[in-house]
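J.: The structure that follows is given in the form of structure tokens.
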Amino acid sequence: MRIAFFDSGIGGITVLHEAMKKLPDEDFLYFADTLHVPYGTKSLTEVNQYVKESVGTIMQEEIKALVVACNTGTSAAINELRSLYTIPIIGMEPAVKPAVERSLEEGRRVLVFATPLTLSQSKYADLVARVDDHSIVDSLPLPELVEYCENLNFDRQEIGNYFKRKLGHLDLGQYGTVVLGCTHYPFYKEILKEILPTHLELIDGSRGTVNRLIDRLREQGLQGTHGTNDIKFMCSNEDPAYLDKMERALAFLRNR
Ligand code: DGL
């Protein structure tokens, strides 16, 4: 049986890519909700509905675990999903805790990039309230980056200028870590590193999420032994061109 990964679009492929490196004996299913991408600029009610519909479709397949490889979708529906299905369901949230720990050591602040919907949710406010005792966490929504990514636009100049526009008003020297709190954003790690001061560390949730997935598979005795990292790509509008796009996005991550 496969392990399913789900996102609004190609963002979750950054997490799938991490899982493929750590789980060579597993096969995967990747589902993108192409009918409704992007999620981050829509309402909570809409996204909650879209996530449940997509996961309903995914659950028709033979899968043994589900990774909601989408911070926005996790924030909108993870509790309901867990009450609806019995297989392990792993969600994602911006990696604020490790970022705060790291930045505090250096006497610096944390900057969280995520979608507008993720940042406006009480789930995010609660997370920050739990871990940010010294009020060092700032946040910045980057909705346009999801659009660039969905167009497979990795143009250094254009995206670099976009970051410069978005970050121009900030004193970046005060930050020690930047949290990539949307799974589309790690596609731009290299471009970001060129723009940001060299001391700044980029943190995303992929590694932690895959480690949690591995723990859950182990706990439930669900580890694969015969898989070959075969991937079945699916999308809600069943567009063959998008299936090809997902393959190209994965190839981009593998070749960089
Ligand atoms: N990749 C998603 C996330 O991690 C959602 C991006 C979007 O659809 O706006 O938040």
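Residues in the structure tokens are named by chain (A, B, ... in the order shown) and by number from 1 within that chain; ligands are numbered from 1 in the order shown.
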Could you give me the residues within 7 Å of ligand 1, counting only C-alpha atoms and all ligand atoms, as a PyMOL selection string?

T.: chain A and resi 7-9+11-12+37-41+69-73+114-115+118+143+146+181-184

J.: Tell me which protein, DNA and RNA residues are within 12 Å of A:Ile63, counting only C-alpha atoms, leaving out same-chain ones fewer than 3 positions away, and put them as a list in words.

T.: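 Counting only the stated atoms, we get Met1, Arg2, Ile3, Ala4, Phe5, Glu26, Asp27, Phe28, Leu29, Tyr30, Val55, Thr57, Ile58, Met59, Gln60, Leu66, Val67, Tyr85, Thr86, Ile87, Pro88, Ile89, Leu222, Gly224 and Lys232 of chain A.
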
J.: Report as a list in words all protein, DNA and RNA residues lying within 10 Å of A:Lys22, evaluated on only C-alpha atoms, omitting residues in the same chain fewer than 5 positions from it.

T.: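 Counting only the stated atoms, we get Leu16, His17, Arg207, Val210, Asn211 and Ile214 of chain A.
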
J.: Keeping only N, CA, C and O atoms, write the selected residues to a file as a PDB file, in the first residue's frame.

T.:
```
ATOM      1  N   LEU A  16       7.389  15.308  -0.178  1.00  0.00           N
ATOM      2  CA  LEU A  16       7.500  13.988  -0.816  1.00  0.00           C
ATOM      3  C   LEU A  16       8.967  13.688  -1.151  1.00  0.00           C
ATOM      4  O   LEU A  16       9.456  12.575  -0.912  1.00  0.00           O
ATOM      5  N   HIS A  17       9.661  14.686  -1.665  1.00  0.00           N
ATOM      6  CA  HIS A  17      11.067  14.525  -2.042  1.00  0.00           C
ATOM      7  C   HIS A  17      11.905  14.106  -0.835  1.00  0.00           C
ATOM      8  O   HIS A  17      12.748  13.209  -0.898  1.00  0.00           O
ATOM      9  N   ARG A 207      11.619  17.899   7.085  1.00  0.00           N
ATOM     10  CA  ARG A 207      12.357  16.849   7.785  1.00  0.00           C
ATOM     11  C   ARG A 207      11.577  16.350   9.001  1.00  0.00           C
ATOM     12  O   ARG A 207      11.409  15.155   9.203  1.00  0.00           O
ATOM     13  N   VAL A 210       8.582  14.241   7.949  1.00  0.00           N
ATOM     14  CA  VAL A 210       8.944  12.892   7.492  1.00  0.00           C
ATOM     15  C   VAL A 210       9.384  12.034   8.690  1.00  0.00           C
ATOM     16  O   VAL A 210       9.051  10.854   8.777  1.00  0.00           O
ATOM     17  N   ASN A 211      10.072  12.636   9.645  1.00  0.00           N
ATOM     18  CA  ASN A 211      10.451  11.871  10.845  1.00  0.00           C
ATOM     19  C   ASN A 211       9.209  11.401  11.611  1.00  0.00           C
ATOM     20  O   ASN A 211       9.156  10.269  12.102  1.00  0.00           O
ATOM     21  N   ILE A 214       7.727   8.511   9.754  1.00  0.00           N
ATOM     22  CA  ILE A 214       8.494   7.275   9.994  1.00  0.00           C
ATOM     23  C   ILE A 214       8.122   6.678  11.362  1.00  0.00           C
ATOM     24  O   ILE A 214       7.886   5.476  11.482  1.00  0.00           O
TER      25      ILE A 214
END
```

J.: Quick one: distance from atom CA of A:Asp132 to atom CA of A:Val96 in Å, one decimal?

T.: 8.5 Å

J.: Give the alpha helix (DSSP H) residues of stretch 12-248 of chain A, as DSSP finds them on the backbone, and put them as a VMD selection string.

T.: chain A and resid 13 to 22 44 to 58 71 to 84 96 to 106 116 to 120 122 to 131 143 to 150 156 to 167 189 to 195 206 to 219 240 to 248

J.: What is the atom CA of A:Asn255 to atom CA of A:Thr209 distance in Å?

T.: 22.2 Å

J.: Do a neighbour search on A:Glu247 at 10 Å with only C-alpha atoms, toss out local chain neighbours closer than 3 positions, and write the hits as a list in words.

T.: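 Final neighbour list, sorted by chain and number: Ile10, Ile13, Ile231, Phe233, Tyr242, Leu243, Asp244, Leu250, Ala251 and Phe252 of chain A.
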
J.: How would the residues just picked look written out with N, CA, C and O atoms as a PDB file, in the first residue's frame?

T.:
```pdb
ATOM      1  N   ILE A  10       1.681  21.892  -6.220  1.00  0.00           N
ATOM      2  CA  ILE A  10       2.948  21.142  -6.248  1.00  0.00           C
ATOM      3  C   ILE A  10       3.798  21.321  -4.991  1.00  0.00           C
ATOM      4  O   ILE A  10       4.840  20.689  -4.863  1.00  0.00           O
ATOM      5  N   ILE A  13       5.315  18.496  -2.916  1.00  0.00           N
ATOM      6  CA  ILE A  13       6.373  17.669  -3.529  1.00  0.00           C
ATOM      7  C   ILE A  13       7.710  17.917  -2.812  1.00  0.00           C
ATOM      8  O   ILE A  13       8.570  17.042  -2.786  1.00  0.00           O
ATOM      9  N   ILE A 231       5.764   6.422  -7.781  1.00  0.00           N
ATOM     10  CA  ILE A 231       4.822   7.491  -7.386  1.00  0.00           C
ATOM     11  C   ILE A 231       3.637   7.500  -8.343  1.00  0.00           C
ATOM     12  O   ILE A 231       3.813   7.527  -9.565  1.00  0.00           O
ATOM     13  N   PHE A 233       0.855   9.945  -9.426  1.00  0.00           N
ATOM     14  CA  PHE A 233       0.427  11.341  -9.319  1.00  0.00           C
ATOM     15  C   PHE A 233      -1.050  11.453  -9.684  1.00  0.00           C
ATOM     16  O   PHE A 233      -1.498  10.854 -10.668  1.00  0.00           O
ATOM     17  N   TYR A 242      -0.965  18.809 -15.973  1.00  0.00           N
ATOM     18  CA  TYR A 242      -0.563  19.039 -14.581  1.00  0.00           C
ATOM     19  C   TYR A 242       0.211  17.836 -14.025  1.00  0.00           C
ATOM     20  O   TYR A 242       1.137  17.997 -13.239  1.00  0.00           O
ATOM     21  N   LEU A 243      -0.155  16.641 -14.474  1.00  0.00           N
ATOM     22  CA  LEU A 243       0.585  15.444 -14.042  1.00  0.00           C
ATOM     23  C   LEU A 243       2.042  15.581 -14.483  1.00  0.00           C
ATOM     24  O   LEU A 243       2.973  15.298 -13.733  1.00  0.00           O
ATOM     25  N   ASP A 244       2.220  16.097 -15.691  1.00  0.00           N
ATOM     26  CA  ASP A 244       3.564  16.319 -16.216  1.00  0.00           C
ATOM     27  C   ASP A 244       4.283  17.401 -15.397  1.00  0.00           C
ATOM     28  O   ASP A 244       5.473  17.286 -15.093  1.00  0.00           O
ATOM     29  N   LEU A 250       9.271  17.650  -9.346  1.00  0.00           N
ATOM     30  CA  LEU A 250      10.094  16.690  -8.600  1.00  0.00           C
ATOM     31  C   LEU A 250      11.500  16.614  -9.207  1.00  0.00           C
ATOM     32  O   LEU A 250      12.496  16.591  -8.472  1.00  0.00           O
ATOM     33  N   ALA A 251      11.571  16.627 -10.521  1.00  0.00           N
ATOM     34  CA  ALA A 251      12.881  16.578 -11.190  1.00  0.00           C
ATOM     35  C   ALA A 251      13.707  17.816 -10.826  1.00  0.00           C
ATOM     36  O   ALA A 251      14.923  17.725 -10.591  1.00  0.00           O
ATOM     37  N   PHE A 252      13.048  18.974 -10.721  1.00  0.00           N
ATOM     38  CA  PHE A 252      13.743  20.211 -10.336  1.00  0.00           C
ATOM     39  C   PHE A 252      14.396  20.037  -8.957  1.00  0.00           C
ATOM     40  O   PHE A 252      15.557  20.394  -8.751  1.00  0.00           O
TER      41      PHE A 252
END
```

J.: In terms of the shortest atom-to-atom distance over only C-alpha atoms, which of A:Ala95, A:Val112, A:Leu192, A:Leu117 is closest to A:Ala76?

T.: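 Ranking A:Ala95, A:Val112, A:Leu192, A:Leu117 by distance to A:Ala76, first place goes to A:Leu117.
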
J.: For A:Ile191, which residue out of A:Ile159, A:Leu111, A:Leu81, A:Leu140 is the nearest one, using only C-alpha atoms?

T.: A:Ile159

J.: Please build the interface table for stretch 18-109 of chain A against stretch 165-180 of chain A with a cut-off of 12 Å, listing for each qualifying residue the nearest atom pair and the distance in Å to one decimal; count only C-alpha atoms, order rows by chain and increasing number, and write it as a Markdown table.

T.:
```
| residue | atom | partner | partner_atom | distance |
| --- | --- | --- | --- | --- |
| A:Cys70 | CA | A:Leu180 | CA | 11.7 |
| A:Asn71 | CA | A:Leu180 | CA | 10.1 |
| A:Met92 | CA | A:Leu180 | CA | 11.5 |
| A:Glu93 | CA | A:Leu180 | CA | 10.0 |
| A:Pro94 | CA | A:Val179 | CA | 6.7 |
| A:Ala95 | CA | A:Val179 | CA | 6.2 |
| A:Val96 | CA | A:Val179 | CA | 6.7 |
| A:Lys97 | CA | A:Val179 | CA | 9.8 |
| A:Pro98 | CA | A:Val179 | CA | 9.4 |
| A:Ala99 | CA | A:Thr177 | CA | 5.9 |
| A:Val100 | CA | A:Thr177 | CA | 8.0 |
| A:Glu101 | CA | A:Thr177 | CA | 9.8 |
| A:Arg102 | CA | A:Thr177 | CA | 7.4 |
| A:Ser103 | CA | A:Gly176 | CA | 5.0 |
| A:Leu104 | CA | A:Gly176 | CA | 8.4 |
| A:Glu105 | CA | A:Gly176 | CA | 9.3 |
| A:Glu106 | CA | A:Gly176 | CA | 7.0 |
| A:Gly107 | CA | A:Gly176 | CA | 8.0 |
| A:Arg108 | CA | A:Gly176 | CA | 5.1 |
| A:Arg109 | CA | A:Tyr175 | CA | 4.3 |
```

J.: Which residue gives the smallest distance to A:Leu145 among A:Arg82, A:Lys123, A:Val131, A:Tyr162, with only C-alpha atoms counted?

T.: A:Tyr162

J.: Work out how far apart atom CA of A:Phe187 and atom CA of A:Asp215 are and give it in Å to one decimal.

T.: 25.9 Å

J.: List every residue of stretch 39-234 of chain A that DSSP, applied to the backbone, labels as strand (DSSP E or B), and write the result as JSON, numbers by chain.

T.: {"A": [63, 64, 65, 66, 67, 68, 89, 90, 109, 110, 111, 112, 113, 114, 137, 138, 139, 140, 141, 175, 176, 177, 178, 179, 180, 201, 202, 203, 204, 231, 232, 233, 234]}

J.: Which residues come within 8 Å of A:Tyr50, counting only C-alpha atoms, excluding same-chain residues fewer than 4 positions away, as a PDB file with N, CA and C atoms, in the first residue's frame?

T.:
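This went into selection-v2.pdb:
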```pdb
ATOM      1  N   ASP A  33      -4.785  19.378  -5.360  1.00  0.00           N
ATOM      2  CA  ASP A  33      -6.160  19.868  -5.556  1.00  0.00           C
ATOM      3  C   ASP A  33      -6.163  21.009  -6.580  1.00  0.00           C
ATOM      4  N   HIS A  36      -8.733  23.829  -7.004  1.00  0.00           N
ATOM      5  CA  HIS A  36      -8.902  24.909  -6.021  1.00  0.00           C
ATOM      6  C   HIS A  36      -7.624  25.624  -5.602  1.00  0.00           C
ATOM      7  N   GLU A  46     -14.036  27.586   2.926  1.00  0.00           N
ATOM      8  CA  GLU A  46     -13.785  26.999   1.599  1.00  0.00           C
ATOM      9  C   GLU A  46     -12.684  25.937   1.678  1.00  0.00           C
ATOM     10  N   SER A  54     -10.939  16.480  -1.201  1.00  0.00           N
ATOM     11  CA  SER A  54      -9.730  15.871  -1.775  1.00  0.00           C
ATOM     12  C   SER A  54      -9.357  14.606  -1.012  1.00  0.00           C
TER      13      SER A  54
END
```
